[in-house]
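Chemist: Structure: input38.csv, CSV, C-alpha atoms and all ligand atoms.
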```csv
chain,number,residue,atom,x,y,z
A,1,MET,CA,119.1,122.5,94.1
A,2,LYS,CA,117.3,125.5,92.8
A,3,PRO,CA,113.6,126.0,93.3
A,4,LEU,CA,111.5,126.7,90.3
A,5,GLU,CA,109.0,129.5,90.1
A,6,ILE,CA,106.0,127.9,88.5
A,7,LYS,CA,103.7,131.0,88.8
A,8,ASN,CA,104.4,134.4,90.2
A,9,ASN,CA,105.5,133.8,93.8
A,10,ILE,CA,104.6,130.1,93.7
A,11,PHE,CA,107.7,127.8,93.8
A,12,TRP,CA,108.3,124.1,93.4
A,13,VAL,CA,110.6,123.3,96.3
A,14,GLY,CA,110.4,119.5,96.3
A,15,ALA,CA,113.0,116.7,95.9
A,16,ILE,CA,113.9,114.3,93.2
A,17,ASP,CA,114.4,110.6,94.1
A,18,TRP,CA,116.5,109.4,91.2
A,19,ASN,CA,117.1,106.0,92.7
A,20,LEU,CA,113.6,104.9,93.7
A,21,ARG,CA,112.8,101.6,92.1
A,22,ASN,CA,110.2,100.1,94.4
A,23,PHE,CA,107.3,102.0,95.9
A,24,HIS,CA,105.6,99.4,98.1
A,25,GLY,CA,105.8,96.8,95.4
A,26,TYR,CA,105.2,99.1,92.5
A,27,LEU,CA,108.2,99.1,90.1
A,28,THR,CA,109.3,102.7,89.6
A,29,GLN,CA,111.7,102.4,86.7
A,30,ARG,CA,111.9,106.1,86.2
A,31,GLY,CA,112.3,107.0,89.9
A,32,SER,CA,110.0,109.7,91.4
A,33,SER,CA,109.8,113.1,92.8
A,34,TYR,CA,108.2,114.4,96.0
A,35,ASN,CA,106.7,117.8,95.0
A,36,ALA,CA,106.3,120.4,97.7
A,37,TYR,CA,105.1,123.9,96.8
A,38,LEU,CA,105.9,127.2,98.5
A,39,ILE,CA,103.4,130.1,98.1
A,40,VAL,CA,104.8,133.5,99.0
A,41,ASP,CA,102.1,135.9,100.0
A,42,ASP,CA,101.4,138.0,103.1
A,43,LYS,CA,101.3,134.6,104.8
A,44,ILE,CA,103.9,132.1,103.6
A,45,THR,CA,102.5,128.7,102.9
A,46,LEU,CA,104.3,125.4,102.2
A,47,VAL,CA,101.9,122.9,100.6
A,48,ASP,CA,103.1,119.3,101.3
A,49,THR,CA,106.7,118.3,102.2
A,50,VAL,CA,108.9,115.4,101.1
A,51,LYS,CA,110.0,112.0,102.3
A,52,GLU,CA,112.0,112.6,105.5
A,53,SER,CA,115.3,111.4,104.0
A,54,PHE,CA,114.9,114.3,101.4
A,55,PHE,CA,114.3,117.0,103.9
A,56,ASP,CA,117.6,118.7,103.4
A,57,GLU,CA,117.1,118.9,99.6
A,58,MET,CA,113.7,120.6,100.2
A,59,LEU,CA,115.1,122.9,102.8
A,60,THR,CA,117.9,124.1,100.5
A,61,ARG,CA,115.4,125.0,97.9
A,62,ILE,CA,113.1,126.8,100.3
A,63,LYS,CA,116.1,128.8,101.6
A,64,GLU,CA,116.7,130.1,98.1
A,65,VAL,CA,113.3,131.8,98.2
A,66,ILE,CA,112.7,132.8,101.8
A,67,ASP,CA,113.9,132.3,105.4
A,68,PRO,CA,112.1,129.1,106.3
A,69,GLU,CA,111.5,130.4,109.9
A,70,LYS,CA,108.9,132.7,108.2
A,71,ILE,CA,106.6,130.0,107.0
A,72,ASP,CA,103.1,130.6,108.5
A,73,TYR,CA,101.2,127.5,107.2
A,74,ILE,CA,102.2,124.0,106.3
A,75,VAL,CA,99.3,122.4,104.3
A,76,SER,CA,99.3,118.6,104.6
A,77,ASN,CA,97.2,117.4,101.7
A,78,HIS,CA,98.0,113.7,102.6
A,79,THR,CA,99.4,111.9,105.6
A,80,GLU,CA,101.3,109.3,103.7
A,81,MET,CA,105.0,109.7,104.6
A,82,ASP,CA,106.2,110.5,101.1
A,83,HIS,CA,104.5,113.9,101.6
A,84,SER,CA,104.2,114.5,105.3
A,85,GLY,CA,107.4,112.8,106.4
A,86,SER,CA,109.3,116.1,106.8
A,87,ILE,CA,106.6,118.1,108.7
A,88,ALA,CA,108.1,117.4,112.1
A,89,LYS,CA,111.6,118.5,111.0
A,90,MET,CA,110.1,121.6,109.2
A,91,LEU,CA,108.3,122.6,112.4
A,92,LYS,CA,111.6,122.6,114.3
A,93,ILE,CA,112.6,125.5,112.0
A,94,ALA,CA,109.3,127.1,111.2
A,95,LYS,CA,108.3,127.2,114.8
A,96,LYS,CA,105.2,129.4,114.4
A,97,ALA,CA,103.8,127.5,111.5
A,98,GLN,CA,100.3,126.1,111.8
A,99,VAL,CA,99.7,122.6,110.2
A,100,ILE,CA,96.5,122.5,108.1
A,101,SER,CA,94.9,119.2,107.2
A,102,SER,CA,91.6,117.4,106.8
A,103,PRO,CA,89.9,115.9,109.9
A,104,ASN,CA,91.3,112.5,109.0
A,105,GLY,CA,94.6,114.1,108.2
A,106,GLU,CA,94.9,115.5,111.7
A,107,LYS,CA,94.2,112.0,113.2
A,108,GLY,CA,96.6,110.4,110.8
A,109,LEU,CA,99.4,112.9,111.5
A,110,LEU,CA,99.0,112.3,115.2
A,111,LYS,CA,99.2,108.5,114.8
A,112,HIS,CA,102.3,108.8,112.6
A,113,PHE,CA,104.2,111.5,114.6
A,114,ASN,CA,102.7,111.1,118.1
A,115,GLN,CA,103.2,114.9,118.6
A,116,LYS,CA,100.7,117.6,119.2
A,117,TRP,CA,101.2,120.5,116.9
A,118,ASN,CA,99.6,123.9,116.3
A,119,SER,CA,97.1,122.6,113.8
A,120,LYS,CA,93.9,123.6,112.0
A,121,VAL,CA,91.4,121.2,110.6
A,122,VAL,CA,89.6,122.3,107.4
A,123,THR,CA,86.3,121.1,106.1
A,124,ASN,CA,85.3,120.5,102.5
A,125,GLY,CA,85.3,123.8,100.5
A,126,GLU,CA,86.7,125.9,103.3
A,127,SER,CA,89.0,128.8,102.3
A,128,LEU,CA,91.9,130.4,104.0
A,129,ASN,CA,93.1,133.9,103.1
A,130,ILE,CA,96.9,134.3,102.9
A,131,GLY,CA,97.0,137.9,101.5
A,132,SER,CA,96.3,138.4,97.8
A,133,ARG,CA,95.2,134.8,97.6
A,134,ASN,CA,92.6,132.5,99.0
A,135,LEU,CA,93.5,128.8,99.4
A,136,SER,CA,90.5,126.5,99.1
A,137,PHE,CA,90.5,123.0,100.4
A,138,PHE,CA,88.5,120.1,98.9
A,139,LEU,CA,88.4,116.8,100.7
A,140,THR,CA,89.1,113.8,98.3
A,141,PRO,CA,88.9,110.8,100.7
A,142,MET,CA,90.5,107.6,99.3
A,143,VAL,CA,92.3,109.4,96.5
A,144,HIS,CA,94.6,108.0,98.0
A,145,TRP,CA,93.9,107.6,101.7
A,146,PRO,CA,90.9,108.6,103.9
A,147,ASP,CA,92.7,111.9,104.8
A,148,SER,CA,93.5,113.0,101.2
A,149,MET,CA,92.5,116.5,100.1
A,150,VAL,CA,93.6,119.0,97.4
A,151,THR,CA,94.3,122.7,97.6
A,152,TYR,CA,93.1,125.1,95.0
A,153,VAL,CA,94.6,128.6,94.5
A,154,GLU,CA,91.9,130.6,92.7
A,155,LYS,CA,94.0,133.6,91.8
A,156,ASP,CA,96.4,131.5,89.8
A,157,SER,CA,93.9,128.8,88.6
A,158,LEU,CA,96.2,126.3,90.2
A,159,LEU,CA,95.3,122.9,91.8
A,160,LEU,CA,97.7,121.3,94.2
A,161,SER,CA,96.3,117.8,93.6
A,162,ASN,CA,98.6,115.6,95.8
A,163,ASP,CA,98.5,112.0,94.6
A,164,ALA,CA,95.8,112.6,92.0
A,165,PHE,CA,97.2,113.1,88.5
A,166,GLY,CA,100.7,112.1,89.7
A,167,GLN,CA,103.3,110.0,88.0
A,168,HIS,CA,106.5,108.4,89.3
A,169,ILE,CA,109.1,110.2,87.3
A,170,ALA,CA,112.4,111.6,88.4
A,171,SER,CA,113.4,114.4,86.1
A,172,LEU,CA,114.8,117.9,85.9
A,173,GLU,CA,111.9,118.8,83.7
A,174,ARG,CA,108.9,119.9,85.7
A,175,PHE,CA,106.2,120.3,83.1
A,176,ASP,CA,104.3,117.7,81.0
A,177,ASP,CA,105.3,119.4,77.7
A,178,GLU,CA,109.0,119.6,78.7
A,179,LEU,CA,109.5,115.8,79.1
A,180,GLY,CA,106.9,114.9,76.5
A,181,LEU,CA,103.3,113.8,76.7
A,182,ALA,CA,104.0,110.1,75.9
A,183,ILE,CA,106.0,109.5,79.0
A,184,ALA,CA,103.8,111.7,81.2
A,185,LYS,CA,100.7,109.8,80.1
A,186,GLU,CA,102.3,106.4,80.3
A,187,GLU,CA,103.4,107.0,83.9
A,188,ALA,CA,100.1,108.6,84.9
A,189,ALA,CA,98.3,105.5,83.6
A,190,LYS,CA,100.7,103.2,85.5
A,191,TYR,CA,100.2,105.3,88.6
A,192,TYR,CA,96.4,105.2,88.3
A,193,ALA,CA,96.4,101.4,87.6
A,194,ASN,CA,98.6,100.7,90.7
A,195,ILE,CA,97.5,103.3,93.2
A,196,VAL,CA,94.1,104.8,92.4
A,197,LEU,CA,92.2,102.1,90.5
A,198,PRO,CA,90.2,100.7,93.4
A,199,TYR,CA,88.8,104.1,94.2
A,200,ALA,CA,86.8,104.8,91.0
A,201,ASN,CA,83.7,106.1,92.9
A,202,GLN,CA,85.8,108.5,95.0
A,203,VAL,CA,87.6,109.7,91.8
A,204,ASN,CA,84.3,110.4,90.1
A,205,LYS,CA,83.1,112.3,93.1
A,206,ALA,CA,86.3,114.4,93.2
A,207,LEU,CA,86.1,115.1,89.5
A,208,THR,CA,82.6,116.3,89.8
A,209,GLU,CA,83.5,118.5,92.8
A,210,LEU,CA,86.4,120.0,90.9
A,211,SER,CA,84.7,120.3,87.5
A,212,GLY,CA,83.7,124.0,88.0
A,213,LEU,CA,87.2,125.2,88.8
A,214,SER,CA,89.3,127.1,86.2
A,215,LEU,CA,92.6,125.2,85.8
A,216,LYS,CA,95.8,126.5,84.3
A,217,LEU,CA,98.1,124.2,86.2
A,218,ILE,CA,97.6,120.9,88.0
A,219,CYS,CA,100.5,120.3,90.3
A,220,PRO,CA,100.6,116.7,91.7
A,221,SER,CA,102.8,115.6,94.5
A,222,HIS,CA,104.7,113.2,92.2
A,223,GLY,CA,106.2,113.8,88.8
A,224,LEU,CA,105.3,116.4,86.2
A,225,ILE,CA,103.0,119.4,86.5
A,226,TRP,CA,100.2,119.4,84.0
A,227,ARG,CA,100.3,122.6,81.9
A,228,GLU,CA,99.7,121.8,78.3
A,229,ASN,CA,97.5,118.6,78.6
A,230,ILE,CA,95.1,119.4,81.4
A,231,GLU,CA,92.0,118.5,79.5
A,232,LEU,CA,93.6,115.3,78.3
A,233,ILE,CA,94.6,114.1,81.8
A,234,ILE,CA,91.2,114.9,83.2
A,235,ASP,CA,89.6,113.0,80.3
A,236,CYS,CA,91.9,110.1,81.0
A,237,TYR,CA,90.9,110.1,84.7
A,238,LYS,CA,87.2,110.1,83.7
A,239,ALA,CA,87.8,107.1,81.4
A,240,TRP,CA,89.8,105.2,83.9
A,241,ALA,CA,87.4,105.9,86.7
A,242,ALA,CA,84.6,104.7,84.4
A,243,ASN,CA,86.6,101.5,83.9
A,244,LYS,CA,86.3,102.0,80.2
A,245,THR,CA,88.1,99.3,78.2
A,246,VAL,CA,89.2,98.8,74.6
A,247,ASN,CA,89.2,95.6,72.6
A,248,LYS,CA,92.5,94.3,74.0
A,249,ALA,CA,93.7,91.2,75.8
A,250,VAL,CA,96.4,90.8,78.4
A,251,ILE,CA,97.5,87.2,78.8
A,252,VAL,CA,99.4,86.7,82.1
A,253,TYR,CA,101.0,83.4,83.0
A,254,ASP,CA,103.9,81.5,84.4
A,255,THR,CA,105.1,78.1,83.2
A,256,MET,CA,107.2,75.2,84.5
A,257,TRP,CA,107.9,73.1,81.4
A,258,HIS,CA,106.4,75.4,78.7
A,259,SER,CA,103.0,73.6,78.4
A,260,THR,CA,101.1,76.6,80.0
A,261,GLU,CA,103.2,78.8,77.8
A,262,LYS,CA,102.0,76.9,74.7
A,263,ILE,CA,98.4,77.5,75.7
A,264,ALA,CA,99.1,81.2,76.4
A,265,GLN,CA,100.6,81.5,72.9
A,266,THR,CA,97.6,79.8,71.4
A,267,ILE,CA,95.2,82.1,73.3
A,268,ASN,CA,97.2,85.0,72.0
A,269,GLN,CA,96.9,83.7,68.4
A,270,ALA,CA,93.1,83.4,68.8
A,271,PHE,CA,92.9,87.1,69.7
A,272,VAL,CA,95.3,88.1,66.9
A,273,ASP,CA,93.2,86.1,64.4
A,274,LEU,CA,90.1,88.1,65.5
A,275,GLY,CA,92.1,91.4,65.1
A,276,ILE,CA,92.1,92.0,68.9
A,277,ASN,CA,95.2,93.7,70.3
A,278,SER,CA,96.9,91.3,72.7
A,279,ARG,CA,99.8,91.3,75.2
A,280,LEU,CA,101.6,88.1,76.3
A,281,MET,CA,103.1,88.7,79.8
A,282,ASN,CA,105.2,86.0,81.4
A,283,LEU,CA,105.5,86.7,85.2
A,284,GLN,CA,109.1,85.6,85.1
A,285,PHE,CA,109.9,88.6,82.9
A,286,SER,CA,107.1,91.1,83.5
A,287,HIS,CA,106.5,93.0,86.8
A,288,ILE,CA,103.0,92.9,88.2
A,289,SER,CA,102.8,96.7,88.3
A,290,ASP,CA,103.6,96.9,84.5
A,291,ILE,CA,101.0,94.2,83.9
A,292,MET,CA,98.4,96.3,85.8
A,293,ALA,CA,99.3,99.2,83.6
A,294,GLU,CA,98.4,97.1,80.5
A,295,ILE,CA,95.2,95.8,82.2
A,296,LEU,CA,94.0,99.3,82.9
A,297,ASP,CA,92.2,99.5,79.5
A,298,ALA,CA,92.0,95.8,78.6
A,299,ARG,CA,88.7,94.1,78.2
A,300,TYR,CA,90.1,90.6,78.4
A,301,VAL,CA,92.4,89.3,81.2
A,302,CYS,CA,93.6,85.7,80.7
A,303,VAL,CA,95.5,84.1,83.6
A,304,GLY,CA,97.4,80.8,83.4
A,305,SER,CA,99.3,78.6,85.8
A,306,PRO,CA,100.3,75.0,85.9
A,307,THR,CA,99.4,73.1,89.1
A,308,LEU,CA,102.2,72.8,91.7
A,309,ASN,CA,101.5,70.9,94.9
A,310,ASN,CA,97.8,71.2,94.2
A,311,GLN,CA,98.0,75.0,94.0
A,312,ILE,CA,98.6,77.9,91.6
A,313,LEU,CA,102.3,78.8,91.1
A,314,PRO,CA,103.3,81.4,93.7
A,315,THR,CA,104.1,84.0,91.1
A,316,VAL,CA,100.6,83.7,89.6
A,317,GLY,CA,99.1,83.6,93.1
A,318,ALA,CA,100.8,86.9,94.0
A,319,PHE,CA,99.6,88.5,90.8
A,320,LEU,CA,96.0,87.4,91.4
A,321,THR,CA,96.1,88.8,95.0
A,322,TYR,CA,97.3,92.1,93.5
A,323,LEU,CA,94.7,92.1,90.8
A,324,LYS,CA,91.9,91.3,93.2
A,325,GLY,CA,92.9,94.2,95.5
A,326,LEU,CA,93.1,96.7,92.6
A,327,ALA,CA,89.6,95.5,91.5
A,328,PRO,CA,89.3,96.5,87.8
A,329,LYS,CA,85.7,96.3,86.7
A,330,ASN,CA,83.8,95.4,83.5
A,331,ARG,CA,86.4,92.7,82.5
A,332,ILE,CA,86.2,89.3,80.9
A,333,GLY,CA,88.5,86.7,82.4
A,334,LEU,CA,89.8,83.4,81.2
A,335,ALA,CA,91.6,80.8,83.4
A,336,PHE,CA,94.0,78.3,81.7
A,337,GLY,CA,96.9,76.0,82.5
A,338,SER,CA,98.4,72.6,82.2
A,339,TYR,CA,98.7,69.9,84.9
A,340,GLY,CA,100.1,66.4,85.5
A,341,TRP,CA,97.7,65.2,88.1
A,342,GLY,CA,95.2,67.0,90.2
A,343,GLY,CA,95.0,70.2,88.1
A,344,GLN,CA,93.4,72.4,90.8
A,345,SER,CA,95.2,75.6,89.7
A,346,ILE,CA,92.9,76.3,86.8
A,347,SER,CA,89.7,76.2,88.8
A,348,GLN,CA,91.4,78.2,91.6
A,349,ILE,CA,92.3,80.9,89.1
A,350,GLU,CA,88.7,80.9,87.7
A,351,GLU,CA,87.3,81.2,91.3
A,352,ILE,CA,89.5,84.2,92.0
A,353,LEU,CA,88.5,85.9,88.8
A,354,LYS,CA,84.8,85.3,89.6
A,355,GLU,CA,85.3,86.6,93.2
A,356,SER,CA,86.8,89.7,91.5
A,357,ALA,CA,83.5,90.2,89.6
A,358,PHE,CA,85.0,89.2,86.2
A,359,GLU,CA,82.7,87.5,83.7
A,360,THR,CA,84.6,84.3,82.6
A,361,LEU,CA,85.0,82.4,79.4
A,362,ASP,CA,85.2,78.6,79.5
A,363,LYS,CA,88.5,77.6,81.2
A,364,ILE,CA,91.2,75.8,79.3
A,365,LYS,CA,92.8,72.8,81.0
A,366,VAL,CA,95.4,70.5,79.4
A,367,ASN,CA,96.9,67.3,80.8
A,368,TYR,CA,100.7,67.4,80.6
A,369,VAL,CA,101.7,68.7,77.2
A,370,PRO,CA,99.3,70.2,74.7
A,371,HIS,CA,99.8,68.6,71.3
A,372,ALA,CA,99.2,70.3,67.9
A,373,LEU,CA,95.7,69.0,67.4
A,374,GLU,CA,94.7,70.0,71.0
A,375,LEU,CA,96.1,73.5,70.4
A,376,ILE,CA,94.1,73.9,67.2
A,377,GLU,CA,90.9,72.8,69.0
A,378,ILE,CA,91.6,75.2,71.9
A,379,LYS,CA,92.1,78.1,69.4
A,380,GLU,CA,88.9,77.3,67.4
A,381,LYS,CA,86.8,76.9,70.5
A,382,LEU,CA,88.1,80.2,72.0
A,383,ILE,CA,87.5,82.1,68.7
A,384,LYS,CA,83.9,80.8,68.7
A,385,ASN,CA,83.4,81.9,72.3
A,386,LEU,CA,85.0,85.3,71.6
A,387,LYS,CA,82.8,85.8,68.6
A,388,GLU,CA,79.8,85.2,70.9
A,389,VAL,CA,81.1,87.7,73.4
A,390,GLN,CA,81.9,90.3,70.7
A,391,LYS,CA,78.4,90.3,69.3
B,401,LIG,FE1,102.3,109.7,97.2
B,401,LIG,FE2,99.6,108.2,98.8
B,401,LIG,O1,101.3,109.0,98.7
```
Take the structure from the file and write it as structure tokens.
Ligand code: FEO
Modeler:
Amino acid sequence: MKPLEIKNNIFWVGAIDWNLRNFHGYLTQRGSSYNAYLIVDDKITLVDTVKESFFDEMLTRIKEVIDPEKIDYIVSNHTEMDHSGSIAKMLKIAKKAQVISSPNGEKGLLKHFNQKWNSKVVTNGESLNIGSRNLSFFLTPMVHWPDSMVTYVEKDSLLLSNDAFGQHIASLERFDDELGLAIAKEEAAKYYANIVLPYANQVNKALTELSGLSLKLICPSHGLIWRENIELIIDCYKAWAANKTVNKAVIVYDTMWHSTEKIAQTINQAFVDLGINSRLMNLQFSHISDIMAEILDARYVCVGSPTLNNQILPTVGAFLTYLKGLAPKNRIGLAFGSYGWGGQSISQIEEILKESAFETLDKIKVNYVPHALELIEIKEKLIKNLKEVQK
């Protein structure tokens, strides 16, 4: 449990959660880390803490650097308990420490801990001198909560970005170039798709606000520190916040007796025939958070369900609720499915896609089992429609 000095007198003192597999419904196959950073200057500052159950791990790392009683400031960039959960325990040791947060952060911490602390509220752009360094605070509301802010250390060109630019990865490697860009980028995209996607306007505002800063390290509160690929991850955030898509389809479905699956495969073949990249994702085997990672840059989202008791299958209903909340923009949707009688599910899917501001292609609805000729007709009609859209 050694700390890591990431810059002269700035240490990573966080915790690694090797076993985390579910982060409020987000499948975290690679675990996660809660990154806290200790800045040792005339005044000693801890930026963010860790989930409460990991307090001892953080404390052990801090003790390797300084006596934790000497901490002067605890910066809370974000109230969510994976970052602020250890503040109360920390204050029992660092008794003189002042808690620094945004105005909404102060309110949120009070609601979560129901304790009055020695606290200081900072406004956007405000700076705090800690000796040889100034810490500057920039409010980034809704990236991820209304209280979110980031802390910039000008002397070291270092941004403590909290949830922004984060990835759920548990690893001993602390830097993007150590674990490899492919994993870092994949997990950053999944993180954005499942956590940050609804807040594109706020991300754009934050990117504009931070665009003038010199950046040598971006230190998020989950996963790897960006060192070698700073420009790349900022460009990714710009593209994701602009809801830029590529010519790619994601076909999401569940099936009872394989009829809806046959339609899904036919839709897939239509995209393939047109040279459009396509992903078939059966909800019995693919997790909704992995599906959202694929949807992040997909122009087409096709959703299929048979009708069960006059409704969408529950798995597809859950996916649509998740999709609607994450609200990707500039997408083209397609509802499809089979039915025995009733057949309400297909129109219900289409309705939800429209409510989510998707453009929609003609829905595909098949009674009982689609036969070979029907599937050929479905494919030909879809190819025709797609050619129109692609013009
Ligand atoms: Fe990692 Fe919004 O907390």
Chemist: Using only C-alpha atoms and all ligand atoms, find each protein or nucleic acid residue lying at most 12 Å from ligand LIG 401 (chain B); present the set as number ranges by chain.
Modeler: A: 23-24, 26, 32-36, 48-51, 76-85, 140-149, 161-168, 191-192, 194-196, 220-223
Chemist: May I have the protein, DNA and RNA residues with an atom at most 7 Å from (94.7, 121.2, 88.5), counting all atoms listed in the file in the file's coordinates, returned as a PyMOL selection string?
Modeler: chain A and resi 158-161+215-219
Chemist: Can I get the selection written as a PDB file, in the coordinates of the input, with C-alpha atoms?
Modeler:
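Here's the written file out_33.pdb:
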```pdb
ATOM      1  CA  LEU A 158      96.200 126.300  90.200  1.00  0.00           C
ATOM      2  CA  LEU A 159      95.300 122.900  91.800  1.00  0.00           C
ATOM      3  CA  LEU A 160      97.700 121.300  94.200  1.00  0.00           C
ATOM      4  CA  SER A 161      96.300 117.800  93.600  1.00  0.00           C
ATOM      5  CA  LEU A 215      92.600 125.200  85.800  1.00  0.00           C
ATOM      6  CA  LYS A 216      95.800 126.500  84.300  1.00  0.00           C
ATOM      7  CA  LEU A 217      98.100 124.200  86.200  1.00  0.00           C
ATOM      8  CA  ILE A 218      97.600 120.900  88.000  1.00  0.00           C
ATOM      9  CA  CYS A 219     100.500 120.300  90.300  1.00  0.00           C
TER      10      CYS A 219
END
```
Chemist: Residues within 9 Å of A:Leu197, please, as a PyMOL selection string. Count only C-alpha atoms; anything in the same chain fewer than 5 positions from it doesn't count.
Modeler: chain A and resi 191-192+203+240-241+243+296+326-328
Chemist: Go ahead and save the residues from that selection, with C-alpha atoms, as a short mmCIF file (atom, residue, chain, number, x, y, z; two decimals), in the frame of the given file.
Modeler:
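Saved file again27.cif follows:
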```
data_model
loop_
_atom_site.label_atom_id
_atom_site.label_comp_id
_atom_site.auth_asym_id
_atom_site.auth_seq_id
_atom_site.Cartn_x
_atom_site.Cartn_y
_atom_site.Cartn_z
CA TYR A 191 100.20 105.30 88.60
CA TYR A 192 96.40 105.20 88.30
CA VAL A 203 87.60 109.70 91.80
CA TRP A 240 89.80 105.20 83.90
CA ALA A 241 87.40 105.90 86.70
CA ASN A 243 86.60 101.50 83.90
CA LEU A 296 94.00 99.30 82.90
CA LEU A 326 93.10 96.70 92.60
CA ALA A 327 89.60 95.50 91.50
CA PRO A 328 89.30 96.50 87.80
#
```
Chemist: Excluding same-chain residues fewer than 2 positions from stretch 228-231 of chain A, what lies within 7 Å of it counting only C-alpha atoms, as a ChimeraX atom specification?
Modeler: /A:176-177,226,233-235
Chemist: So the first atom is atom CA of A:Gly180 and the second is atom CA of A:Val13; what is the distance between them in Å, to one decimal place?
Modeler: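 Spanning atom CA of A:Gly180 to atom CA of A:Val13 is a straight-line distance of 21.8 Å.
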Chemist: Counting only C-alpha atoms, find the residues whose atoms lie at most 8 Å from (81.4, 118.4, 97.6) (file coordinates) and write them out as a list in words.
Modeler: Asn124, Gly125, Phe138, Leu139, Lys205, Ala206 and Glu209 of chain A
Chemist: Restricting the calculation to only C-alpha atoms, which member of A:Ala188, A:Cys236, A:Ile93, A:Leu224 is positioned closest to A:Gly14?
Modeler: A:Leu224
Chemist: So which one's closest to A:Val65, A:Ser345, A:Ser338, A:Thr151, A:Asn9? Using all atoms listed in the file, please.
Modeler: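 The answer is A:Asn9, which sits nearest to A:Val65.
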Chemist: Taking all atoms listed in the file into account, name the residue in A:Arg21, A:Arg61, A:Lys238, A:Arg227 that is nearest to A:Leu179.
Modeler: A:Arg227
Chemist: Set the distance at 7 Å and use all atoms listed in the file: which residues neighbour A:Gln284 once local chain neighbours fewer than 2 positions away are removed? I'd like the list as an MDAnalysis selection string.
Modeler: chainID A and resid 254 282 286
Chemist: When you get a chance, write out N, CA, C and O atoms for stretch 266-277 of chain A, as a PDB file, in the frame of the given file.
Modeler:
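For reference, result13.pdb as written:
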```
ATOM      1  N   THR A 266      98.735  80.111  72.200  1.00  0.00           N
ATOM      2  CA  THR A 266      97.600  79.800  71.400  1.00  0.00           C
ATOM      3  C   THR A 266      96.409  80.733  71.644  1.00  0.00           C
ATOM      4  O   THR A 266      95.715  81.169  70.708  1.00  0.00           O
ATOM      5  N   ILE A 267      96.216  81.078  72.914  1.00  0.00           N
ATOM      6  CA  ILE A 267      95.200  82.100  73.300  1.00  0.00           C
ATOM      7  C   ILE A 267      95.515  83.398  72.564  1.00  0.00           C
ATOM      8  O   ILE A 267      94.648  84.055  71.975  1.00  0.00           O
ATOM      9  N   ASN A 268      96.790  83.764  72.610  1.00  0.00           N
ATOM     10  CA  ASN A 268      97.200  85.000  72.000  1.00  0.00           C
ATOM     11  C   ASN A 268      96.880  84.964  70.470  1.00  0.00           C
ATOM     12  O   ASN A 268      96.357  85.937  69.907  1.00  0.00           O
ATOM     13  N   GLN A 269      97.129  83.816  69.835  1.00  0.00           N
ATOM     14  CA  GLN A 269      96.900  83.700  68.400  1.00  0.00           C
ATOM     15  C   GLN A 269      95.371  83.816  68.100  1.00  0.00           C
ATOM     16  O   GLN A 269      94.982  84.396  67.078  1.00  0.00           O
ATOM     17  N   ALA A 270      94.548  83.321  69.010  1.00  0.00           N
ATOM     18  CA  ALA A 270      93.100  83.400  68.800  1.00  0.00           C
ATOM     19  C   ALA A 270      92.686  84.916  68.791  1.00  0.00           C
ATOM     20  O   ALA A 270      91.905  85.347  67.929  1.00  0.00           O
ATOM     21  N   PHE A 271      93.234  85.694  69.739  1.00  0.00           N
ATOM     22  CA  PHE A 271      92.900  87.100  69.700  1.00  0.00           C
ATOM     23  C   PHE A 271      93.455  87.808  68.481  1.00  0.00           C
ATOM     24  O   PHE A 271      92.765  88.620  67.865  1.00  0.00           O
ATOM     25  N   VAL A 272      94.681  87.450  68.104  1.00  0.00           N
ATOM     26  CA  VAL A 272      95.300  88.100  66.900  1.00  0.00           C
ATOM     27  C   VAL A 272      94.426  87.741  65.685  1.00  0.00           C
ATOM     28  O   VAL A 272      94.143  88.618  64.853  1.00  0.00           O
ATOM     29  N   ASP A 273      93.981  86.488  65.558  1.00  0.00           N
ATOM     30  CA  ASP A 273      93.200  86.100  64.400  1.00  0.00           C
ATOM     31  C   ASP A 273      91.871  86.900  64.323  1.00  0.00           C
ATOM     32  O   ASP A 273      91.330  87.121  63.235  1.00  0.00           O
ATOM     33  N   LEU A 274      91.376  87.322  65.491  1.00  0.00           N
ATOM     34  CA  LEU A 274      90.100  88.100  65.500  1.00  0.00           C
ATOM     35  C   LEU A 274      90.411  89.619  65.399  1.00  0.00           C
ATOM     36  O   LEU A 274      89.504  90.442  65.484  1.00  0.00           O
ATOM     37  N   GLY A 275      91.693  89.970  65.246  1.00  0.00           N
ATOM     38  CA  GLY A 275      92.100  91.400  65.100  1.00  0.00           C
ATOM     39  C   GLY A 275      91.987  92.121  66.459  1.00  0.00           C
ATOM     40  O   GLY A 275      91.845  93.343  66.497  1.00  0.00           O
ATOM     41  N   ILE A 276      92.105  91.370  67.554  1.00  0.00           N
ATOM     42  CA  ILE A 276      92.100  92.000  68.900  1.00  0.00           C
ATOM     43  C   ILE A 276      93.505  92.162  69.376  1.00  0.00           C
ATOM     44  O   ILE A 276      94.296  91.207  69.369  1.00  0.00           O
ATOM     45  N   ASN A 277      93.820  93.360  69.814  1.00  0.00           N
ATOM     46  CA  ASN A 277      95.200  93.700  70.300  1.00  0.00           C
ATOM     47  C   ASN A 277      95.442  92.781  71.556  1.00  0.00           C
ATOM     48  O   ASN A 277      94.582  92.616  72.416  1.00  0.00           O
TER      49      ASN A 277
END
```
